[in-house]
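**Q** First, the structure itself, so that you have it in front of you.
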Amino acid sequence: MDTTTQVQLQHERVDDLPLLIGFLLKMRLPQMLDRFLGTHHLHEGLSNGHLVVVWIAFILSKANHCKVSVQDWADTHHEALQTLLDQPVRRQVEFSDDRLTIVLRRFSEAPWDELESELWHATCQVYEIPSEIIRLDATSSYGYHVTTPDGLMQYGHSKDHRPDLPQFKLMAAVAQPTSQVIACDIVPGNCADDPLYLPLINRVRRQFGRKGLLYIGDCKMAAQEIRAELADKGDYYLMPLPRTGDNGERIDAWIEDAVRGRQPLAELWRDEEESAEEEQASVPHEEKYQRTLVARGYEIERPQEAFIEGRKVTWKERVQVIQSMSMKERQSRQLETRLTAATVALRGLTPPVGRGRTQIRSEELLRTRVAAILEDENVAGHLEIHFTRQEEVRTQHAAPGRPVGGTVGQEVVVVRYQITAVKRNEAMIQAAKERLGWRVQVTNLSTMRADWASCVLLYNQGWSVERDFHLAKDLPLGIQPLFVQREDQITGLIRLLTIALRILTLMEIVVRAKLQEKDEEVVGLYEGQPTRRTARPTATRMLKAITRLEITWTRVEMGGQVMWHVGVLPPLLCRILGLLSLPESLYTNLPRDRGQGTETGTARETLRSG
């Protein structure tokens, strides 16, 4: 008698999908998005909010924002999505290109200001993010689009070094130092940065419903009307002054006062480790650090006044003249590089006499070429050039070829100029280096809230917004280039990706805060370095580490029974789930076969224990 039983196995890799979906559901993101995206009265299946949640999970997991790729991926993870969303998911329907196109259109039509405000409050319910300091900046991103007169994609100054492609511009406000996005505006790529600050500041002010925040930006934010508006509304600012208008002469004068000792300079020091850890084993803790000079400078106070809508506004402003030691060192190296390049180029002007070697016969021409090299390398006055005039008497015959016997040639004097030495003007070079690394920044903060050193450190945290831009442009979001063409699709996709960016940074904030609270580190995130530890893991590295674990659900169909099995969860996955306050049941609550009745729990437990 044949007693064999046919067993069918179906494997479904889930990797980081349960973690991502669980984190998004914990924020109640589907319910919030449904209120703003709405739905058509004939809409069936997953709501627009759930569609967005799955799409964001796909983007963060697969580093791909293309619409056409979502459907196949969703079908591959069909059982996992049904279980995690706790509702049926139709194959080849829910995440079709048409449905996702509708989602982007609804994003472009949604009240973005209100949506961002509620999204920020939902974020703060997961983790209380410090929001006293706001960093503002703009970036651009390109695409392979055809420009239209009033379109979003326009040619402009490219920060990505692609002036040949049209671009859009993204103006963002983020919380410093967490780098969590608060609000962002999408504008055509040919817009200047200056007029973008005040509208976004007003949005942030309405979103928070309070004043007294500190807004930090680059020199394009230093326009007089922006500073006057912030001071008038009871807010604060901190930004460097640009060398425009009369500012250039004032900045040079303030720096000269510092260099010549006419102003006493304050110093900012930082403790740094002297040597590697293994070399410090026998060194007392207090001797393991050395003090490093970070910056020096001074500040003065000056009155300011401006007119806003015909009304005079006055306030006091602190002018801080700062020399960054790291910037001075970097610019000094650049100066030395330019001096070396100029020296090589100058010596090459007058090569030795030989066939094919062009000689300079005019002193005026030599001086012109020397001046051009010094100007190109920006080292005028730093090098002293010495040259000689050399004369050679030659006999020149009237006709070419070998002279006929008895023919007398004419003697001519051939002149050439030879550079004999290129010497460094050390006094000028040293004076130039003393003037490197300086910047002038202004603020209306009181000294009670932030002294000179605190202002220096606050501005130096500019990486908070730059890192967000890097994450948005690079993987996993890959906002450049965009693979949609229509205006509403472009706007909708950019808004969707900025939400994904918020999720990515929020995961980092939560994990790092938990590690700092417990004074712990996490190990196992770095590929090829299994023992390397870190207390500040990035979200992308955590997701990649989970993907490498290859977490798999297995469906077993045997004798009419359907059972599911998942192996023992790896410690690293359990650790990350715990840091995100997510339950392990996201992985251990195996799916039910919705089409063939319920599963056999006893059999599933047997498989799990086996």
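In the structure tokens, chains take the letters A, B, ... in the order shown, each chain's residues start at 1, and ligands count up from 1 in the order shown.
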Would you pick out the contacts of Glu521 (chain A) at 10 Å or less, using only C-alpha atoms, so that residues sharing its chain but fewer than 2 positions from it are not included, and give the list as an NGL selection string?

**A** :A and (512 or 514-516 or 518-519 or 523 or 532-537)

**Q** Write the selection just made, keeping N, CA, C and O atoms, as an mmCIF file, in the first residue's frame?

**A**
```
data_model
loop_
_atom_site.group_PDB
_atom_site.id
_atom_site.type_symbol
_atom_site.label_atom_id
_atom_site.label_comp_id
_atom_site.auth_asym_id
_atom_site.auth_seq_id
_atom_site.Cartn_x
_atom_site.Cartn_y
_atom_site.Cartn_z
ATOM 1 N N ARG A 512 19.195 55.505 17.994
ATOM 2 C CA ARG A 512 20.329 56.153 18.644
ATOM 3 C C ARG A 512 19.973 56.658 20.032
ATOM 4 O O ARG A 512 20.803 56.608 20.951
ATOM 5 N N LYS A 514 17.771 55.310 22.086
ATOM 6 C CA LYS A 514 17.717 54.145 22.983
ATOM 7 C C LYS A 514 19.119 53.693 23.358
ATOM 8 O O LYS A 514 19.387 53.362 24.526
ATOM 9 N N LEU A 515 20.027 53.657 22.398
ATOM 10 C CA LEU A 515 21.399 53.244 22.696
ATOM 11 C C LEU A 515 22.083 54.227 23.634
ATOM 12 O O LEU A 515 22.810 53.827 24.547
ATOM 13 N N GLN A 516 21.845 55.507 23.419
ATOM 14 C CA GLN A 516 22.455 56.514 24.297
ATOM 15 C C GLN A 516 21.871 56.435 25.701
ATOM 16 O O GLN A 516 22.601 56.581 26.693
ATOM 17 N N LYS A 518 20.793 53.836 27.259
ATOM 18 C CA LYS A 518 21.309 52.663 27.963
ATOM 19 C C LYS A 518 22.828 52.576 27.925
ATOM 20 O O LYS A 518 23.402 51.625 28.479
ATOM 21 N N ASP A 519 23.476 53.556 27.267
ATOM 22 C CA ASP A 519 24.925 53.565 27.117
ATOM 23 C C ASP A 519 25.395 52.239 26.522
ATOM 24 O O ASP A 519 26.306 51.576 27.041
ATOM 25 N N VAL A 523 26.209 45.597 17.543
ATOM 26 C CA VAL A 523 27.271 44.930 16.807
ATOM 27 C C VAL A 523 26.655 44.097 15.689
ATOM 28 O O VAL A 523 25.515 43.649 15.786
ATOM 29 N N ARG A 532 32.587 44.727 14.808
ATOM 30 C CA ARG A 532 32.619 46.187 14.895
ATOM 31 C C ARG A 532 31.354 46.697 15.580
ATOM 32 O O ARG A 532 30.246 46.280 15.261
ATOM 33 N N ARG A 533 31.512 47.641 16.491
ATOM 34 C CA ARG A 533 30.404 48.182 17.265
ATOM 35 C C ARG A 533 30.154 49.645 16.907
ATOM 36 O O ARG A 533 31.065 50.338 16.456
ATOM 37 N N THR A 534 28.938 50.084 17.135
ATOM 38 C CA THR A 534 28.605 51.483 16.915
ATOM 39 C C THR A 534 27.432 51.866 17.803
ATOM 40 O O THR A 534 26.537 51.056 18.058
ATOM 41 N N ALA A 535 27.467 53.102 18.272
ATOM 42 C CA ALA A 535 26.345 53.645 19.044
ATOM 43 C C ALA A 535 25.499 54.586 18.208
ATOM 44 O O ALA A 535 24.491 55.105 18.693
ATOM 45 N N ARG A 536 25.900 54.816 16.954
ATOM 46 C CA ARG A 536 25.164 55.715 16.068
ATOM 47 C C ARG A 536 24.943 55.038 14.708
ATOM 48 O O ARG A 536 25.484 55.468 13.686
ATOM 49 N N PRO A 537 24.166 53.967 14.683
ATOM 50 C CA PRO A 537 23.932 53.275 13.413
ATOM 51 C C PRO A 537 23.026 54.082 12.498
ATOM 52 O O PRO A 537 22.159 54.830 12.953
#
```

**Q** Would you pick out the contacts of Leu100 (chain A) at 12 Å or less, using only C-alpha atoms, so that residues sharing its chain but fewer than 6 positions from it are not included, and give the list as a ChimeraX atom specification?

**A** /A:46-56,65-71,93-94,106-107,484,489,492-493,496

**Q** Please save C-alpha atoms of the selected residues as a PDB file, in the first residue's frame.

**A**
```pdb
ATOM      1  CA  LEU A  46      -6.419  48.749  -0.154  1.00  0.00           C
ATOM      2  CA  SER A  47      -6.907  52.412   0.691  1.00  0.00           C
ATOM      3  CA  ASN A  48      -4.539  55.035  -0.686  1.00  0.00           C
ATOM      4  CA  GLY A  49      -2.896  55.299   2.723  1.00  0.00           C
ATOM      5  CA  HIS A  50      -2.082  51.579   2.782  1.00  0.00           C
ATOM      6  CA  LEU A  51      -0.851  51.753  -0.811  1.00  0.00           C
ATOM      7  CA  VAL A  52       1.570  54.511   0.202  1.00  0.00           C
ATOM      8  CA  VAL A  53       2.780  52.547   3.237  1.00  0.00           C
ATOM      9  CA  VAL A  54       3.628  49.512   1.113  1.00  0.00           C
ATOM     10  CA  TRP A  55       5.236  51.689  -1.557  1.00  0.00           C
ATOM     11  CA  ILE A  56       7.452  53.408   1.045  1.00  0.00           C
ATOM     12  CA  HIS A  65      11.108  54.359  -6.485  1.00  0.00           C
ATOM     13  CA  CYS A  66       9.936  53.202  -9.933  1.00  0.00           C
ATOM     14  CA  LYS A  67       6.196  52.511 -10.093  1.00  0.00           C
ATOM     15  CA  VAL A  68       6.523  49.635 -12.541  1.00  0.00           C
ATOM     16  CA  SER A  69       8.623  47.594 -10.099  1.00  0.00           C
ATOM     17  CA  VAL A  70       6.204  47.614  -7.162  1.00  0.00           C
ATOM     18  CA  GLN A  71       3.572  45.153  -8.441  1.00  0.00           C
ATOM     19  CA  VAL A  93      -4.295  44.736  -9.045  1.00  0.00           C
ATOM     20  CA  GLU A  94      -3.443  46.640  -5.877  1.00  0.00           C
ATOM     21  CA  ARG A 106      -3.639  62.844  -5.195  1.00  0.00           C
ATOM     22  CA  PHE A 107      -0.371  63.714  -3.446  1.00  0.00           C
ATOM     23  CA  VAL A 484       8.118  60.387 -14.124  1.00  0.00           C
ATOM     24  CA  GLN A 489       3.556  63.040 -11.067  1.00  0.00           C
ATOM     25  CA  GLY A 492       3.596  63.769  -6.081  1.00  0.00           C
ATOM     26  CA  LEU A 493       6.688  61.572  -6.252  1.00  0.00           C
ATOM     27  CA  LEU A 496       6.271  60.786  -1.375  1.00  0.00           C
TER      28      LEU A 496
END
```

**Q** Could you give me, as an NGL selection string, the residues within 10 Å of Glu550 (chain A), counting only C-alpha atoms and dropping anything in the same chain fewer than 4 positions from it?

**A** :A and (12-16 or 545-546)

**Q** Find the spatial neighbours of Gln430 (chain A), counting only C-alpha atoms, within a cut-off of 12 Å - ignore same-chain residues fewer than 6 positions away - and output them as a PyMOL selection string.

**A** chain A and resi 259+328+332+335-336+381-382+424+436

**Q** Just N, CA, C and O atoms for this one: save the residues we selected as a PDB file, in the first residue's frame.

**A**
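This is the output file again-v4.pdb:
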```pdb
ATOM      1  N   VAL A 259      43.481  90.146  12.772  1.00  0.00           N
ATOM      2  CA  VAL A 259      44.840  89.733  12.416  1.00  0.00           C
ATOM      3  C   VAL A 259      45.875  90.654  13.040  1.00  0.00           C
ATOM      4  O   VAL A 259      46.928  90.197  13.517  1.00  0.00           O
ATOM      5  N   LYS A 328      41.188  76.958   7.949  1.00  0.00           N
ATOM      6  CA  LYS A 328      42.469  77.619   7.680  1.00  0.00           C
ATOM      7  C   LYS A 328      43.494  76.598   7.183  1.00  0.00           C
ATOM      8  O   LYS A 328      44.224  76.851   6.215  1.00  0.00           O
ATOM      9  N   SER A 332      45.055  76.605   3.559  1.00  0.00           N
ATOM     10  CA  SER A 332      46.523  76.733   3.467  1.00  0.00           C
ATOM     11  C   SER A 332      47.092  75.668   2.548  1.00  0.00           C
ATOM     12  O   SER A 332      48.005  75.944   1.751  1.00  0.00           O
ATOM     13  N   LEU A 335      46.405  76.739  -0.908  1.00  0.00           N
ATOM     14  CA  LEU A 335      47.325  77.796  -1.321  1.00  0.00           C
ATOM     15  C   LEU A 335      48.669  77.206  -1.718  1.00  0.00           C
ATOM     16  O   LEU A 335      49.261  77.606  -2.744  1.00  0.00           O
ATOM     17  N   GLU A 336      49.185  76.259  -0.931  1.00  0.00           N
ATOM     18  CA  GLU A 336      50.462  75.635  -1.266  1.00  0.00           C
ATOM     19  C   GLU A 336      50.376  74.882  -2.595  1.00  0.00           C
ATOM     20  O   GLU A 336      51.318  74.890  -3.392  1.00  0.00           O
ATOM     21  N   GLY A 381      51.687  88.339  -6.044  1.00  0.00           N
ATOM     22  CA  GLY A 381      52.422  88.906  -4.917  1.00  0.00           C
ATOM     23  C   GLY A 381      53.081  87.875  -4.033  1.00  0.00           C
ATOM     24  O   GLY A 381      53.888  88.223  -3.164  1.00  0.00           O
ATOM     25  N   HIS A 382      52.766  86.588  -4.231  1.00  0.00           N
ATOM     26  CA  HIS A 382      53.337  85.546  -3.393  1.00  0.00           C
ATOM     27  C   HIS A 382      54.616  84.960  -3.974  1.00  0.00           C
ATOM     28  O   HIS A 382      55.345  84.263  -3.261  1.00  0.00           O
ATOM     29  N   ARG A 424      59.726  82.249  -3.379  1.00  0.00           N
ATOM     30  CA  ARG A 424      58.531  82.473  -2.553  1.00  0.00           C
ATOM     31  C   ARG A 424      58.709  83.729  -1.715  1.00  0.00           C
ATOM     32  O   ARG A 424      59.754  83.920  -1.094  1.00  0.00           O
ATOM     33  N   LEU A 436      43.291  83.419   6.177  1.00  0.00           N
ATOM     34  CA  LEU A 436      42.502  82.298   5.680  1.00  0.00           C
ATOM     35  C   LEU A 436      41.621  81.730   6.791  1.00  0.00           C
ATOM     36  O   LEU A 436      41.957  81.818   7.979  1.00  0.00           O
TER      37      LEU A 436
END
```

**Q** May I ask which of the residues A:Ile133, A:Ala63, A:Gln441, A:Arg270 is the closest one to Ile251 (chain A), counting only C-alpha atoms?

**A**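 Of the candidates, the smallest distance to Ile251 (chain A) is held by A:Gln441.
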
**Q** My list of candidates is A:Val319, A:Cys184, A:Ala450, A:Leu268. Which is closest to Trp112 (chain A) when distances are computed with only C-alpha atoms?

**A**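 Nearest candidate to Trp112 (chain A) out of A:Val319, A:Cys184, A:Ala450, A:Leu268: A:Cys184.
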
**Q** Take CA of Leu383 (chain A) and CA of Leu339 (chain A) and report the distance between them in Å, one decimal.

**A**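 Separation between CA of Leu383 (chain A) and CA of Leu339 (chain A): 7.9 Å.
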
**Q** So which one's closest to Ala380 (chain A), A:Glu411, A:Pro400, A:Ala432, A:Cys124? Using only C-alpha atoms, please.

**A**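 Counting only C-alpha atoms, the residue closest to Ala380 (chain A) is A:Ala432.
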
**Q** For the atom pair CA of Gln92 (chain A) and CA of Asp488 (chain A), what is the interatomic distance in Å to one decimal place?

**A**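 One can read the CA of Gln92 (chain A) to CA of Asp488 (chain A) distance as 24.5 Å.
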
**Q** May I ask for the distance between CA of Val181 (chain A) and CA of Lys233 (chain A), given in Å to one decimal place?

**A** 22.7 Å

**Q** What parts of region 381-451 of chain A does DSSP call strand (DSSP E)? I'd like the answer as a PyMOL selection string.

**A** chain A and resi 383-396+410-424+438-443

**Q** Output as a VMD selection string all residues of region 439-571 of chain A that backbone DSSP marks as helix (DSSP H, G or I).

**A** chain A and resid 452 to 459 463 to 473 487 to 518 539 to 549 571

**Q** Counting only C-alpha atoms, what is within 12 Å of region 467-471 of chain A, bar same-chain residues fewer than 2 positions away, as a PyMOL selection string?

**A** chain A and resi 60+63+135-141+159-160+169-182+184+461-465+473-480+497-506+538-540

**Q** Write the residues you've just listed into a file as a compact mmCIF listing (two decimals), in the first residue's frame, and include N, CA and C atoms for each of them.

**A**
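Saved as again39.txt:
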```
# COMPACT_ATOMS: atom_id res chain seq x y z
N LEU A 60 12.32 51.85 0.60
CA LEU A 60 13.38 51.75 1.59
C LEU A 60 14.06 50.38 1.57
N ALA A 63 15.54 50.23 -2.50
CA ALA A 63 16.24 51.40 -3.04
C ALA A 63 15.80 51.66 -4.48
N ARG A 135 17.10 74.37 10.77
CA ARG A 135 18.10 74.60 9.72
C ARG A 135 17.39 74.67 8.38
N LEU A 136 17.73 75.66 7.57
CA LEU A 136 17.11 75.83 6.26
C LEU A 136 18.18 75.85 5.17
N ASP A 137 17.86 75.19 4.08
CA ASP A 137 18.76 75.21 2.93
C ASP A 137 17.99 74.68 1.73
N ALA A 138 18.57 74.89 0.55
CA ALA A 138 17.94 74.45 -0.70
C ALA A 138 18.93 73.58 -1.46
N THR A 139 18.37 72.65 -2.23
CA THR A 139 19.18 71.84 -3.13
C THR A 139 18.40 71.66 -4.42
N SER A 140 19.06 71.16 -5.43
CA SER A 140 18.42 70.92 -6.72
C SER A 140 18.66 69.48 -7.14
N SER A 141 17.79 68.98 -8.00
CA SER A 141 17.93 67.64 -8.53
C SER A 141 17.41 67.61 -9.95
N LYS A 159 23.53 72.38 -8.69
CA LYS A 159 24.41 72.00 -7.60
C LYS A 159 24.92 70.57 -7.78
N ASP A 160 24.42 69.89 -8.81
CA ASP A 160 24.85 68.53 -9.10
C ASP A 160 25.79 68.49 -10.30
N LYS A 169 13.92 72.48 -7.70
CA LYS A 169 14.62 72.91 -6.49
C LYS A 169 13.78 72.52 -5.27
N LEU A 170 14.45 72.02 -4.25
CA LEU A 170 13.81 71.60 -3.01
C LEU A 170 14.33 72.46 -1.87
N MET A 171 13.42 73.20 -1.25
CA MET A 171 13.77 74.04 -0.09
C MET A 171 13.26 73.34 1.15
N ALA A 172 14.15 73.05 2.10
CA ALA A 172 13.78 72.23 3.25
C ALA A 172 14.12 72.93 4.56
N ALA A 173 13.30 72.64 5.56
CA ALA A 173 13.54 73.06 6.94
C ALA A 173 13.61 71.80 7.78
N VAL A 174 14.71 71.61 8.51
CA VAL A 174 14.90 70.41 9.31
C VAL A 174 15.21 70.80 10.74
N ALA A 175 14.91 69.89 11.65
CA ALA A 175 15.23 70.11 13.06
C ALA A 175 16.70 69.80 13.28
N GLN A 176 17.41 70.70 13.91
CA GLN A 176 18.83 70.50 14.20
C GLN A 176 18.98 70.12 15.67
N PRO A 177 19.75 69.10 16.01
CA PRO A 177 20.69 68.37 15.17
C PRO A 177 20.18 67.02 14.66
N THR A 178 18.90 66.70 14.86
CA THR A 178 18.42 65.36 14.50
C THR A 178 18.29 65.17 13.00
N SER A 179 18.21 66.25 12.23
CA SER A 179 18.04 66.24 10.78
C SER A 179 16.68 65.71 10.35
N GLN A 180 15.68 65.76 11.23
CA GLN A 180 14.33 65.34 10.86
C GLN A 180 13.65 66.46 10.07
N VAL A 181 13.12 66.13 8.89
CA VAL A 181 12.49 67.13 8.04
C VAL A 181 11.21 67.63 8.70
N ILE A 182 11.05 68.95 8.73
CA ILE A 182 9.85 69.57 9.27
C ILE A 182 8.91 69.97 8.14
N CYS A 184 8.98 71.22 3.62
CA CYS A 184 9.77 71.45 2.42
C CYS A 184 8.86 71.99 1.32
N GLN A 461 26.99 72.73 12.84
CA GLN A 461 26.16 71.53 12.72
C GLN A 461 25.35 71.55 11.42
N GLY A 462 25.88 72.21 10.42
CA GLY A 462 25.17 72.31 9.15
C GLY A 462 25.03 70.99 8.41
N TRP A 463 25.73 69.95 8.88
CA TRP A 463 25.60 68.63 8.24
C TRP A 463 24.18 68.10 8.35
N SER A 464 23.38 68.63 9.30
CA SER A 464 22.05 68.06 9.53
C SER A 464 21.19 68.11 8.27
N VAL A 465 21.19 69.25 7.57
CA VAL A 465 20.40 69.34 6.35
C VAL A 465 21.15 68.77 5.16
N LYS A 473 19.09 62.24 -2.48
CA LYS A 473 19.63 62.11 -3.83
C LYS A 473 20.25 60.74 -4.08
N ASP A 474 20.87 60.20 -3.07
CA ASP A 474 21.55 58.92 -3.22
C ASP A 474 20.59 57.81 -2.82
N LEU A 475 21.07 56.57 -2.83
CA LEU A 475 20.26 55.44 -2.38
C LEU A 475 20.07 55.53 -0.87
N PRO A 476 18.91 55.09 -0.34
CA PRO A 476 17.90 54.30 -1.02
C PRO A 476 16.81 55.09 -1.74
N LEU A 477 16.73 56.40 -1.53
CA LEU A 477 15.62 57.14 -2.14
C LEU A 477 15.89 57.42 -3.62
N GLY A 478 17.10 57.81 -3.96
CA GLY A 478 17.47 58.00 -5.35
C GLY A 478 16.58 58.97 -6.08
N ILE A 479 16.43 60.17 -5.51
CA ILE A 479 15.51 61.14 -6.09
C ILE A 479 15.99 61.67 -7.44
N GLN A 480 17.26 61.42 -7.77
CA GLN A 480 17.77 61.85 -9.07
C GLN A 480 18.37 60.66 -9.82
N LEU A 497 8.70 60.83 -1.64
CA LEU A 497 10.06 60.51 -1.25
C LEU A 497 10.50 61.31 -0.02
N THR A 498 9.97 62.53 0.15
CA THR A 498 10.32 63.27 1.37
C THR A 498 9.68 62.62 2.60
N ILE A 499 8.53 61.99 2.44
CA ILE A 499 7.95 61.24 3.56
C ILE A 499 8.81 60.04 3.87
N ALA A 500 9.27 59.34 2.82
CA ALA A 500 10.18 58.20 3.05
C ALA A 500 11.46 58.66 3.74
N LEU A 501 11.94 59.84 3.39
CA LEU A 501 13.13 60.39 4.06
C LEU A 501 12.87 60.62 5.54
N ARG A 502 11.70 61.12 5.87
CA ARG A 502 11.35 61.33 7.28
C ARG A 502 11.35 60.01 8.04
N ILE A 503 10.83 58.96 7.43
CA ILE A 503 10.78 57.65 8.09
C ILE A 503 12.20 57.15 8.33
N LEU A 504 13.06 57.31 7.35
CA LEU A 504 14.43 56.84 7.45
C LEU A 504 15.16 57.52 8.60
N THR A 505 15.06 58.84 8.67
CA THR A 505 15.77 59.57 9.73
C THR A 505 15.14 59.32 11.10
N LEU A 506 13.81 59.14 11.14
CA LEU A 506 13.16 58.88 12.43
C LEU A 506 13.63 57.55 13.00
N THR A 538 23.23 53.93 11.21
CA THR A 538 22.35 54.57 10.24
C THR A 538 21.22 53.61 9.88
N ALA A 539 20.10 54.17 9.44
CA ALA A 539 18.96 53.34 9.09
C ALA A 539 19.27 52.46 7.88
N THR A 540 19.97 53.00 6.90
CA THR A 540 20.29 52.20 5.72
C THR A 540 21.19 51.02 6.09
```

**Q** Of the candidates A:Glu267, A:Glu363, A:Glu329, A:Glu426, which one gets nearest to Glu384 (chain A) if we count only C-alpha atoms?

**A**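 Closest candidate: A:Glu426.
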